[in-house]
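S.K.: Below is upload-v8.cif; it holds mmCIF, C-alpha atoms.
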data_target
#
loop_
_atom_site.group_PDB
_atom_site.id
_atom_site.type_symbol
_atom_site.label_atom_id
_atom_site.label_comp_id
_atom_site.auth_asym_id
_atom_site.auth_seq_id
_atom_site.Cartn_x
_atom_site.Cartn_y
_atom_site.Cartn_z
ATOM 1 C CA MET A 1 172.038 40.165 69.149
ATOM 2 C CA LYS A 2 170.414 41.076 65.897
ATOM 3 C CA PHE A 3 172.471 41.180 62.713
ATOM 4 C CA ARG A 4 172.083 43.384 59.716
ATOM 5 C CA GLY A 5 173.208 42.368 56.239
ATOM 6 C CA HIS A 6 176.785 41.207 55.772
ATOM 7 C CA GLY A 7 176.857 39.860 59.323
ATOM 8 C CA MET A 8 177.269 43.298 60.977
ATOM 9 C CA PRO A 9 175.622 43.606 64.424
ATOM 10 C CA GLU A 10 172.729 46.090 64.627
ATOM 11 C CA ARG A 11 173.473 49.038 66.920
ATOM 12 C CA HIS A 12 170.689 50.733 68.914
ATOM 13 C CA THR A 13 170.696 54.540 68.635
ATOM 14 C CA GLY A 14 169.761 56.858 71.543
ATOM 15 C CA PHE A 15 171.165 58.593 74.602
ATOM 16 C CA THR A 16 173.207 56.764 77.140
ATOM 17 C CA MET A 17 172.534 57.328 80.838
ATOM 18 C CA VAL A 18 175.580 59.566 81.101
ATOM 19 C CA GLU A 19 174.403 61.682 78.167
ATOM 20 C CA LEU A 20 170.946 62.041 79.704
ATOM 21 C CA MET A 21 172.478 63.149 82.993
ATOM 22 C CA VAL A 22 174.560 65.741 81.180
ATOM 23 C CA VAL A 23 171.477 67.081 79.353
ATOM 24 C CA VAL A 24 169.454 67.278 82.582
ATOM 25 C CA ALA A 25 172.312 69.111 84.291
ATOM 26 C CA CYS A 26 172.563 71.628 81.437
ATOM 27 C CA VAL A 27 168.822 72.272 81.466
ATOM 28 C CA SER A 28 168.893 72.764 85.233
ATOM 29 C CA ILE A 29 171.719 75.276 84.951
ATOM 30 C CA MET A 30 169.887 77.174 82.211
ATOM 31 C CA LEU A 31 166.675 77.298 84.263
ATOM 32 C CA THR A 32 168.602 78.530 87.269
ATOM 33 C CA LEU A 33 169.998 81.372 85.181
ATOM 34 C CA LEU A 34 166.729 82.191 83.406
ATOM 35 C CA VAL A 35 164.151 82.029 86.218
ATOM 36 C CA PRO A 36 165.333 85.197 88.036
ATOM 37 C CA SER A 37 165.328 87.080 84.735
ATOM 38 C CA LEU A 38 161.842 85.846 83.872
ATOM 39 C CA SER A 39 160.600 86.752 87.347
ATOM 40 C CA ALA A 40 162.064 90.252 87.062
ATOM 41 C CA ALA A 41 160.525 90.688 83.608
ATOM 42 C CA ARG A 42 157.127 89.576 84.869
ATOM 43 C CA SER A 43 157.332 91.997 87.815
ATOM 44 C CA ALA A 44 158.198 94.833 85.447
ATOM 45 C CA VAL A 45 155.218 94.002 83.213
ATOM 46 C CA TYR A 46 152.870 93.832 86.205
ATOM 47 C CA ARG A 47 154.176 97.165 87.424
ATOM 48 C CA VAL A 48 153.428 98.778 84.057
ATOM 49 C CA VAL A 49 149.927 97.253 83.898
ATOM 50 C CA SER A 50 149.234 98.363 87.460
ATOM 51 C CA ALA A 51 150.350 101.885 86.577
ATOM 52 C CA GLY A 52 147.939 101.781 83.637
ATOM 53 C CA HIS A 53 145.117 100.910 86.022
ATOM 54 C CA GLN A 54 145.984 103.927 88.139
ATOM 55 C CA ARG A 55 145.933 106.168 85.072
ATOM 56 C CA THR A 56 142.443 104.882 84.257
ATOM 57 C CA ILE A 57 141.392 105.659 87.809
ATOM 58 C CA GLY A 58 142.875 109.117 87.344
ATOM 59 C CA GLN A 59 140.752 109.651 84.246
ATOM 60 C CA GLY A 60 137.703 108.582 86.230
ATOM 61 C CA LEU A 61 138.566 111.087 88.956
ATOM 62 C CA VAL A 62 138.846 113.873 86.386
ATOM 63 C CA MET A 63 135.402 113.016 85.003
ATOM 64 C CA PHE A 64 133.929 112.862 88.496
ATOM 65 C CA THR A 65 135.390 116.194 89.599
ATOM 66 C CA GLY A 66 134.277 117.772 86.326
ATOM 67 C CA GLY A 67 130.666 117.170 87.333
ATOM 68 C CA SER A 68 131.046 118.027 91.012
ATOM 69 C CA ASN A 69 132.608 121.501 90.935
ATOM 70 C CA GLY A 70 136.089 120.054 91.390
ATOM 71 C CA ARG A 71 135.240 117.920 94.420
ATOM 72 C CA LEU A 72 136.765 114.464 94.772
ATOM 73 C CA PRO A 73 134.629 111.387 95.542
ATOM 74 C CA PRO A 74 133.743 111.422 99.256
ATOM 75 C CA SER A 75 135.254 108.916 101.663
ATOM 76 C CA ARG A 76 133.159 108.037 104.701
ATOM 77 C CA VAL A 77 136.397 106.779 106.229
ATOM 78 C CA LEU A 78 137.415 110.396 106.878
ATOM 79 C CA LEU A 79 134.161 111.046 108.735
ATOM 80 C CA GLU A 80 134.463 108.050 111.030
ATOM 81 C CA ASP A 81 135.698 108.063 114.616
ATOM 82 C CA PRO A 82 138.293 106.806 115.301
ATOM 83 C CA LEU A 83 140.077 107.808 112.126
ATOM 84 C CA ASP A 84 141.773 104.873 110.418
ATOM 85 C CA LEU A 85 143.475 105.872 107.165
ATOM 86 C CA ALA A 86 144.212 102.210 106.407
ATOM 87 C CA GLU A 87 140.524 101.940 105.468
ATOM 88 C CA LEU A 88 140.977 104.375 102.574
ATOM 89 C CA GLN A 89 141.641 101.222 100.575
ATOM 90 C CA ARG A 90 137.938 100.498 100.957
ATOM 91 C CA VAL A 91 135.619 100.983 97.967
ATOM 92 C CA TYR A 92 132.417 99.652 99.497
ATOM 93 C CA LYS A 93 130.958 99.130 102.956
ATOM 94 C CA PRO A 94 127.342 98.009 103.420
ATOM 95 C CA THR A 95 124.898 100.551 104.796
ATOM 96 C CA PHE A 96 122.337 97.807 105.388
ATOM 97 C CA SER A 97 121.958 94.355 106.876
ATOM 98 C CA PHE A 98 119.872 91.410 105.717
ATOM 99 C CA ASP A 99 116.758 90.732 107.769
ATOM 100 C CA GLY A 100 116.846 86.970 107.193
ATOM 101 C CA GLU A 101 113.651 86.953 105.147
ATOM 102 C CA GLY A 102 115.030 87.891 101.760
ATOM 103 C CA GLY A 103 115.018 91.619 102.439
ATOM 104 C CA TYR A 104 117.381 94.127 103.980
ATOM 105 C CA VAL A 105 117.226 97.076 106.353
ATOM 106 C CA LYS A 106 119.349 100.196 106.538
ATOM 107 C CA THR A 107 121.880 100.221 109.374
ATOM 108 C CA ALA A 108 123.461 103.582 108.636
ATOM 109 C CA GLN A 109 121.669 106.814 107.857
ATOM 110 C CA LEU A 110 124.059 108.877 105.781
ATOM 111 C CA THR A 111 123.670 112.630 105.971
ATOM 112 C CA PRO A 112 124.762 114.245 102.678
ATOM 113 C CA GLY A 113 126.168 117.383 104.322
ATOM 114 C CA ASP A 114 128.665 119.639 102.600
ATOM 115 C CA TRP A 115 130.811 116.716 101.431
ATOM 116 C CA TYR A 116 127.987 115.086 99.466
ATOM 117 C CA ARG A 117 126.683 117.985 97.412
ATOM 118 C CA HIS A 118 127.104 116.056 94.182
ATOM 119 C CA ALA A 119 123.847 114.180 93.515
ATOM 120 C CA HIS A 120 125.668 111.111 92.224
ATOM 121 C CA ALA A 121 127.819 110.967 95.367
ATOM 122 C CA ILE A 122 124.740 111.146 97.595
ATOM 123 C CA ASP A 123 123.075 108.322 95.696
ATOM 124 C CA SER A 124 126.081 106.014 95.569
ATOM 125 C CA ALA A 125 126.962 106.666 99.220
ATOM 126 C CA GLN A 126 123.466 105.601 100.240
ATOM 127 C CA TRP A 127 124.099 102.310 98.483
ATOM 128 C CA GLY A 128 127.352 101.802 100.356
ATOM 129 C CA TRP A 129 129.954 102.815 97.765
ATOM 130 C CA ASP A 130 132.862 104.701 99.233
ATOM 131 C CA GLY A 131 135.966 106.500 97.997
ATOM 132 C CA LEU A 132 137.037 105.129 94.626
ATOM 133 C CA GLY A 133 133.908 102.980 94.640
ATOM 134 C CA HIS A 134 131.925 106.048 93.545
ATOM 135 C CA LEU A 135 133.774 105.827 90.225
ATOM 136 C CA TYR A 136 132.449 102.331 89.617
ATOM 137 C CA PHE A 137 128.893 103.111 90.684
ATOM 138 C CA GLY A 138 128.732 106.099 88.354
ATOM 139 C CA SER A 139 130.370 104.221 85.444
ATOM 140 C CA PHE A 140 133.329 106.606 85.440
ATOM 141 C CA VAL A 141 135.440 103.416 85.736
ATOM 142 C CA PRO A 142 133.031 100.640 84.703
ATOM 143 C CA ASP A 143 135.490 97.737 84.798
ATOM 144 C CA PRO A 144 135.991 96.611 88.436
ATOM 145 C CA ALA A 145 139.238 94.821 87.514
ATOM 146 C CA VAL A 146 140.855 98.261 87.159
ATOM 147 C CA PHE A 147 140.766 98.641 90.936
ATOM 148 C CA TYR A 148 143.100 95.656 91.314
ATOM 149 C CA SER A 149 146.768 95.150 90.571
ATOM 150 C CA PRO A 150 147.834 92.068 88.553
ATOM 151 C CA SER A 151 150.834 91.674 90.847
ATOM 152 C CA HIS A 152 148.757 91.509 94.042
ATOM 153 C CA SER A 153 149.239 88.228 95.913
ATOM 154 C CA GLY A 154 147.727 89.161 99.268
ATOM 155 C CA ASP A 155 144.316 89.056 100.916
ATOM 156 C CA HIS A 156 142.374 91.138 98.383
ATOM 157 C CA PRO A 157 142.677 89.697 94.865
ATOM 158 C CA TYR A 158 140.136 90.674 92.240
ATOM 159 C CA GLU A 159 138.815 87.103 92.122
ATOM 160 C CA LEU A 160 137.643 87.457 95.733
ATOM 161 C CA TYR A 161 135.362 90.384 94.891
ATOM 162 C CA ALA A 162 134.551 89.901 91.199
ATOM 163 C CA ASP A 163 130.979 88.804 91.959
ATOM 164 C CA SER A 164 130.493 91.535 94.576
ATOM 165 C CA PHE A 165 130.514 94.471 92.168
ATOM 166 C CA ILE A 166 126.798 94.714 91.567
ATOM 167 C CA HIS A 167 125.226 97.819 90.103
ATOM 168 C CA ARG A 168 121.843 98.989 91.353
ATOM 169 C CA ASP A 169 120.439 98.878 87.802
ATOM 170 C CA SER A 170 120.927 95.109 87.726
ATOM 171 C CA GLY A 171 118.027 94.672 90.139
ATOM 172 C CA LEU A 172 120.282 92.787 92.553
ATOM 173 C CA LEU A 173 121.242 93.888 96.031
ATOM 174 C CA PRO A 174 124.772 95.169 96.638
ATOM 175 C CA ALA A 175 127.213 92.976 98.523
ATOM 176 C CA ASP A 176 126.718 92.348 102.247
ATOM 177 C CA HIS A 177 130.427 92.670 103.004
ATOM 178 C CA THR A 178 133.167 95.269 102.742
ATOM 179 C CA ILE A 179 135.074 95.416 99.447
ATOM 180 C CA TYR A 180 138.719 96.474 99.340
ATOM 181 C CA SER A 181 140.670 97.446 96.254
ATOM 182 C CA ASN A 182 144.440 97.177 95.822
ATOM 183 C CA TYR A 183 144.895 100.956 95.818
ATOM 184 C CA HIS A 184 144.837 103.641 98.484
ATOM 185 C CA PHE A 185 142.815 106.811 97.866
ATOM 186 C CA ILE A 186 143.568 110.218 99.374
ATOM 187 C CA GLY A 187 139.901 110.870 100.163
ATOM 188 C CA HIS A 188 138.124 114.202 99.807
ATOM 189 C CA LEU A 189 139.426 116.107 102.842
ATOM 190 C CA ASN A 190 142.707 117.587 104.001
ATOM 191 C CA GLU A 191 143.900 116.886 107.524
ATOM 192 C CA ASP A 192 142.366 120.188 108.692
ATOM 193 C CA GLY A 193 138.953 119.198 107.306
ATOM 194 C CA SER A 194 139.056 121.454 104.253
ATOM 195 C CA GLU A 195 138.100 120.045 100.860
ATOM 196 C CA ILE A 196 140.834 118.870 98.501
ATOM 197 C CA ARG A 197 140.735 120.582 95.108
ATOM 198 C CA ILE A 198 143.043 118.934 92.586
ATOM 199 C CA GLU A 199 143.160 122.021 90.362
ATOM 200 C CA GLN A 200 144.932 123.851 93.177
ATOM 201 C CA ASP A 201 147.872 121.453 93.324
ATOM 202 C CA SER A 202 148.611 119.270 90.294
ATOM 203 C CA SER A 203 151.571 117.681 92.102
ATOM 204 C CA ARG A 204 149.360 116.167 94.798
ATOM 205 C CA VAL A 205 149.339 112.369 95.111
ATOM 206 C CA LEU A 206 145.760 111.079 94.804
ATOM 207 C CA VAL A 207 146.199 107.295 94.662
ATOM 208 C CA CYS A 208 148.971 104.872 95.594
ATOM 209 C CA ASP A 209 149.382 101.135 95.958
ATOM 210 C CA GLY A 210 147.675 99.582 98.967
ATOM 211 C CA LEU A 211 149.237 100.086 102.405
ATOM 212 C CA ARG A 212 146.587 98.546 104.665
ATOM 213 C CA THR A 213 148.775 95.600 105.724
ATOM 214 C CA ARG A 214 151.950 93.896 104.559
ATOM 215 C CA SER A 215 149.948 91.547 102.345
ATOM 216 C CA ASP A 216 148.442 94.553 100.556
ATOM 217 C CA LEU A 217 151.772 95.544 99.029
ATOM 218 C CA ASN A 218 151.459 95.070 95.274
ATOM 219 C CA HIS A 219 155.184 95.346 94.542
ATOM 220 C CA ARG A 220 158.214 94.391 96.576
ATOM 221 C CA GLU A 221 160.437 97.205 95.393
ATOM 222 C CA GLY A 222 158.202 100.241 95.779
ATOM 223 C CA LEU A 223 154.953 101.999 94.915
ATOM 224 C CA ASN A 224 153.171 103.467 91.912
ATOM 225 C CA LEU A 225 151.835 106.950 92.681
ATOM 226 C CA LEU A 226 149.025 108.682 90.745
ATOM 227 C CA TYR A 227 149.323 112.483 90.775
ATOM 228 C CA ALA A 228 146.605 115.070 90.298
ATOM 229 C CA ASP A 229 147.921 115.904 86.822
ATOM 230 C CA GLY A 230 147.107 112.329 85.721
ATOM 231 C CA SER A 231 150.704 111.079 85.627
ATOM 232 C CA VAL A 232 151.903 107.941 87.402
ATOM 233 C CA HIS A 233 155.429 107.709 88.797
ATOM 234 C CA TRP A 234 157.345 104.892 90.441
ATOM 235 C CA LEU A 235 158.755 105.386 93.925
ATOM 236 C CA PHE A 236 161.468 102.934 94.929
ATOM 237 C CA CYS A 237 161.205 102.225 98.663
ATOM 238 C CA SER A 238 162.298 98.688 99.454
ATOM 239 C CA PRO A 239 161.826 97.187 101.963
ATOM 240 C CA LEU A 240 158.487 98.680 103.044
ATOM 241 C CA ALA A 241 156.803 95.691 104.669
ATOM 242 C CA SER A 242 158.707 96.090 107.939
ATOM 243 C CA VAL A 243 156.792 99.258 108.871
ATOM 244 C CA LEU A 244 153.317 97.968 107.940
ATOM 245 C CA PRO A 245 151.112 95.931 110.298
ATOM 246 C CA ALA A 246 151.039 92.207 109.685
ATOM 247 C CA GLN A 247 147.281 92.049 110.322
ATOM 248 C CA PRO A 248 144.416 94.518 109.880
ATOM 249 C CA ARG A 249 143.128 96.374 112.892
ATOM 250 C CA GLY A 250 140.494 94.563 114.920
ATOM 251 C CA MET A 251 137.090 96.154 115.409
ATOM 252 C CA ASP A 252 137.807 96.933 119.055
ATOM 253 C CA ASP A 253 141.433 97.984 118.548
ATOM 254 C CA PRO A 254 142.406 101.643 118.256
ATOM 255 C CA PRO A 255 144.055 102.769 114.978
ATOM 256 C CA LYS A 256 147.824 102.753 114.998
ATOM 257 C CA GLY A 257 149.070 106.324 115.013
ATOM 258 C CA ARG A 258 152.304 105.563 113.183
ATOM 259 C CA HIS A 259 150.406 103.716 110.463
ATOM 260 C CA ASN A 260 148.120 106.718 109.991
ATOM 261 C CA GLU A 261 151.127 109.022 109.785
ATOM 262 C CA LEU A 262 152.839 106.828 107.189
ATOM 263 C CA ILE A 263 149.771 106.777 104.942
ATOM 264 C CA ARG A 264 149.205 110.509 105.392
ATOM 265 C CA SER A 265 152.823 111.209 104.463
ATOM 266 C CA ILE A 266 152.269 109.642 101.006
ATOM 267 C CA PHE A 267 149.670 112.252 100.175
ATOM 268 C CA ASP A 268 151.466 115.112 101.942
ATOM 269 C CA GLY A 269 154.689 114.557 99.996
ATOM 270 C CA ASN A 270 157.034 113.614 102.846
ATOM 271 C CA PHE A 271 156.794 109.836 102.616
ATOM 272 C CA GLU A 272 160.513 109.087 102.404
ATOM 273 C CA GLU A 273 161.191 111.185 105.492
ATOM 274 C CA GLU A 274 158.400 109.492 107.465
ATOM 275 C CA LEU A 275 159.444 106.041 106.236
ATOM 276 C CA GLY A 276 163.019 106.652 107.371
ATOM 277 C CA LYS A 277 161.826 107.790 110.796
ATOM 278 C CA GLN A 278 159.642 104.729 111.279
ATOM 279 C CA ARG A 279 162.447 102.402 110.210
ATOM 280 C CA ARG A 280 164.687 103.951 112.826
ATOM 281 C CA LEU A 281 161.998 103.502 115.465
ATOM 282 C CA ASN A 282 161.432 99.889 114.479
ATOM 283 C CA PRO A 283 164.640 98.587 112.869
ATOM 284 C CA ASP A 284 163.734 94.924 113.326
ATOM 285 C CA GLY A 285 160.305 95.156 111.651
#
Please rewrite the model in this file as C-alpha cells.

M.R.:
Amino acid sequence: MKFRGHGMPERHTGFTMVELMVVVACVSIMLTLLVPSLSAARSAVYRVVSAGHQRTIGQGLVMFTGGSNGRLPPSRVLLEDPLDLAELQRVYKPTFSFDGEGGYVKTAQLTPGDWYRHAHAIDSAQWGWDGLGHLYFGSFVPDPAVFYSPSHSGDHPYELYADSFIHRDSGLLPADHTIYSNYHFIGHLNEDGSEIRIEQDSSRVLVCDGLRTRSDLNHREGLNLLYADGSVHWLFCSPLASVLPAQPRGMDDPPKGRHNELIRSIFDGNFEEELGKQRRLNPDG
C-alpha cells in the first residue's frame, strides 16, 4: 500500500464493480425507452421526405401534361396481355437485347398509336422508358432518387438501380434489365380504355406507394397518395401486407385478379372498401 504524506494511505478513485453495473443498467433502461421513440421519429421523417418525392413527381406530371394536351405519360403495362397492374411500378423495360458482340437489337416494335401522340413519349418509349420513367427521360424529374422512398427496405432500393438510369444523350446504352421505382403510377388509361385527363378530376389519385409485393411497402402504417391537384395525403391502412403477394408473379403465371382489383381501387377511390373485402376473404394473410 502506498502512503501519502503524514502516513495516510493513498486511496484509488474510480467506479466500483457495483457502481458500473448500476450505470450499465440505467443506460440500458434509457435506451429501451428511447429506441421506440427514435424509431417512430425516423419513420415520420421518412414519410415526410417520401411525400416530398411524390410532390416532385406531381410537378413533373403537370409539366408533361402541359406539353401533351393534358395526356399523362403512357404506360405500356396497360397495353400488355395479360394485364398486370402490379407492373405499374415499372419505370423502364428494355425494348432491345444485346447481340453478344457489343451491339444490341430491338426486340419490341412499339407502335405510337393514339396513346403516344406526344413526340417525347414516342421517343422515350422507343428507348424503353415506361410510365413515370418518361419524366426522367424528358428531364421533367431529372433526379432518379426522387422515384425512391428513403424508408424502402425491400427488393427495389435506389442503390440497386442508381447506375441504370442512363440518358440517351450520354452516349451509353440504356439498362438491359427492368427498373422498378418505389411508387405506383395510375397509367394513362381508365379501365374502359379511355384516356385519363387530370383536369377533369382533381381529386383523382395519380401515384401511391408501391404495392407490387409485400416487400414493396414503403411504410408499415399506410400509404402516401398523390392527387391530381398536386397534394399528397396520408392514408392509414395497417396492416396491408397480408393482402399483398409475398413474391412477384412469375413469367408464366397469370396475374392475380384480387391483386389487380386492390391496385385499381386505389385509383378509383374505393380502396378501403376493397381492402376490407380482401381481408375478410383472407383473414390469415

S.K.: Work out how far CA of Ala86 in chain A is from CA of Lys256 in chain A, in Å to one decimal.

M.R.: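 Value for the CA of Lys256 in chain A-CA of Ala86 in chain A distance: 9.3 Å.
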
S.K.: One number please: CA of Phe147 in chain A to CA of Gly60 in chain A, in Å, one decimal.

M.R.: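 Between CA of Phe147 in chain A and CA of Gly60 in chain A the gap works out to 11.4 Å.
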
S.K.: Could you check the closest approach to Arg249 in chain A for each of A:Arg197, A:Arg212, A:Arg76, A:His184 and tell me which residue wins, using only C-alpha atoms?

M.R.: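 Among A:Arg197, A:Arg212, A:Arg76, A:His184, it is A:Arg212 that comes nearest to Arg249 in chain A.
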
S.K.: Out of A:Asn282, A:Pro150, A:Gly276, A:Asp229, which residue has the shortest atom-to-atom distance to Pro245 in chain A when counting only C-alpha atoms?

M.R.: A:Asn282

S.K.: Please expand the PyMOL selection byres ((chain A and resi 94) around 8) into the concrete residues it hits in this file, giving the result as an NGL selection string.

M.R.: :A and (92-93 or 95-97 or 127-129 or 174-178)

S.K.: Translate the PyMOL selection byres ((chain A and resi 139) around 12) into a concrete residue list for this structure, as a PyMOL selection string.

M.R.: chain A and resi 57+59-61+63-64+120+124+132-138+140-144+165-169

S.K.: Record the distance separating CA of Phe185 in chain A and CA of Asn69 in chain A, expressed in Å with one decimal.

M.R.: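 If I compute the distance from CA of Phe185 in chain A to CA of Asn69 in chain A, I get 19.2 Å.
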
S.K.: Can you list what the PyMOL selection byres ((chain A and resi 262) around 12) grabs from this structure, as a PyMOL selection string?

M.R.: chain A and resi 84-86+211-212+240+243-245+256-261+263-279

S.K.: I need the chosen residues saved as an mmCIF file, in the frame of the given file, with C-alpha atoms.

M.R.:
data_model
loop_
_atom_site.group_PDB
_atom_site.id
_atom_site.type_symbol
_atom_site.label_atom_id
_atom_site.label_comp_id
_atom_site.auth_asym_id
_atom_site.auth_seq_id
_atom_site.Cartn_x
_atom_site.Cartn_y
_atom_site.Cartn_z
ATOM 1 C CA ASP A 84 141.773 104.873 110.418
ATOM 2 C CA LEU A 85 143.475 105.872 107.165
ATOM 3 C CA ALA A 86 144.212 102.210 106.407
ATOM 4 C CA LEU A 211 149.237 100.086 102.405
ATOM 5 C CA ARG A 212 146.587 98.546 104.665
ATOM 6 C CA LEU A 240 158.487 98.680 103.044
ATOM 7 C CA VAL A 243 156.792 99.258 108.871
ATOM 8 C CA LEU A 244 153.317 97.968 107.940
ATOM 9 C CA PRO A 245 151.112 95.931 110.298
ATOM 10 C CA LYS A 256 147.824 102.753 114.998
ATOM 11 C CA GLY A 257 149.070 106.324 115.013
ATOM 12 C CA ARG A 258 152.304 105.563 113.183
ATOM 13 C CA HIS A 259 150.406 103.716 110.463
ATOM 14 C CA ASN A 260 148.120 106.718 109.991
ATOM 15 C CA GLU A 261 151.127 109.022 109.785
ATOM 16 C CA ILE A 263 149.771 106.777 104.942
ATOM 17 C CA ARG A 264 149.205 110.509 105.392
ATOM 18 C CA SER A 265 152.823 111.209 104.463
ATOM 19 C CA ILE A 266 152.269 109.642 101.006
ATOM 20 C CA PHE A 267 149.670 112.252 100.175
ATOM 21 C CA ASP A 268 151.466 115.112 101.942
ATOM 22 C CA GLY A 269 154.689 114.557 99.996
ATOM 23 C CA ASN A 270 157.034 113.614 102.846
ATOM 24 C CA PHE A 271 156.794 109.836 102.616
ATOM 25 C CA GLU A 272 160.513 109.087 102.404
ATOM 26 C CA GLU A 273 161.191 111.185 105.492
ATOM 27 C CA GLU A 274 158.400 109.492 107.465
ATOM 28 C CA LEU A 275 159.444 106.041 106.236
ATOM 29 C CA GLY A 276 163.019 106.652 107.371
ATOM 30 C CA LYS A 277 161.826 107.790 110.796
ATOM 31 C CA GLN A 278 159.642 104.729 111.279
ATOM 32 C CA ARG A 279 162.447 102.402 110.210
#

S.K.: Determine, counting only C-alpha atoms, which protein, DNA and RNA residues have an atom within 10 Å of an atom of Val146 in chain A; residues of the same chain fewer than 6 positions away are not included. Present the result as JSON, numbers by chain.

M.R.: {"A": [49, 50, 52, 53, 54, 55, 56, 57, 136, 158, 181, 182, 183]}

S.K.: Nearest to Pro254 in chain A among A:Leu223, A:Leu83, A:Val205, A:Leu189, with distances taken over only C-alpha atoms: which residue is it?

M.R.: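 Closest residue, counting only C-alpha atoms: A:Leu83.
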
S.K.: With distances taken over only C-alpha atoms, which residue among A:Pro74, A:Gly67, A:Pro82, A:Pro239 lies nearest Met251 in chain A?

M.R.: A:Pro82
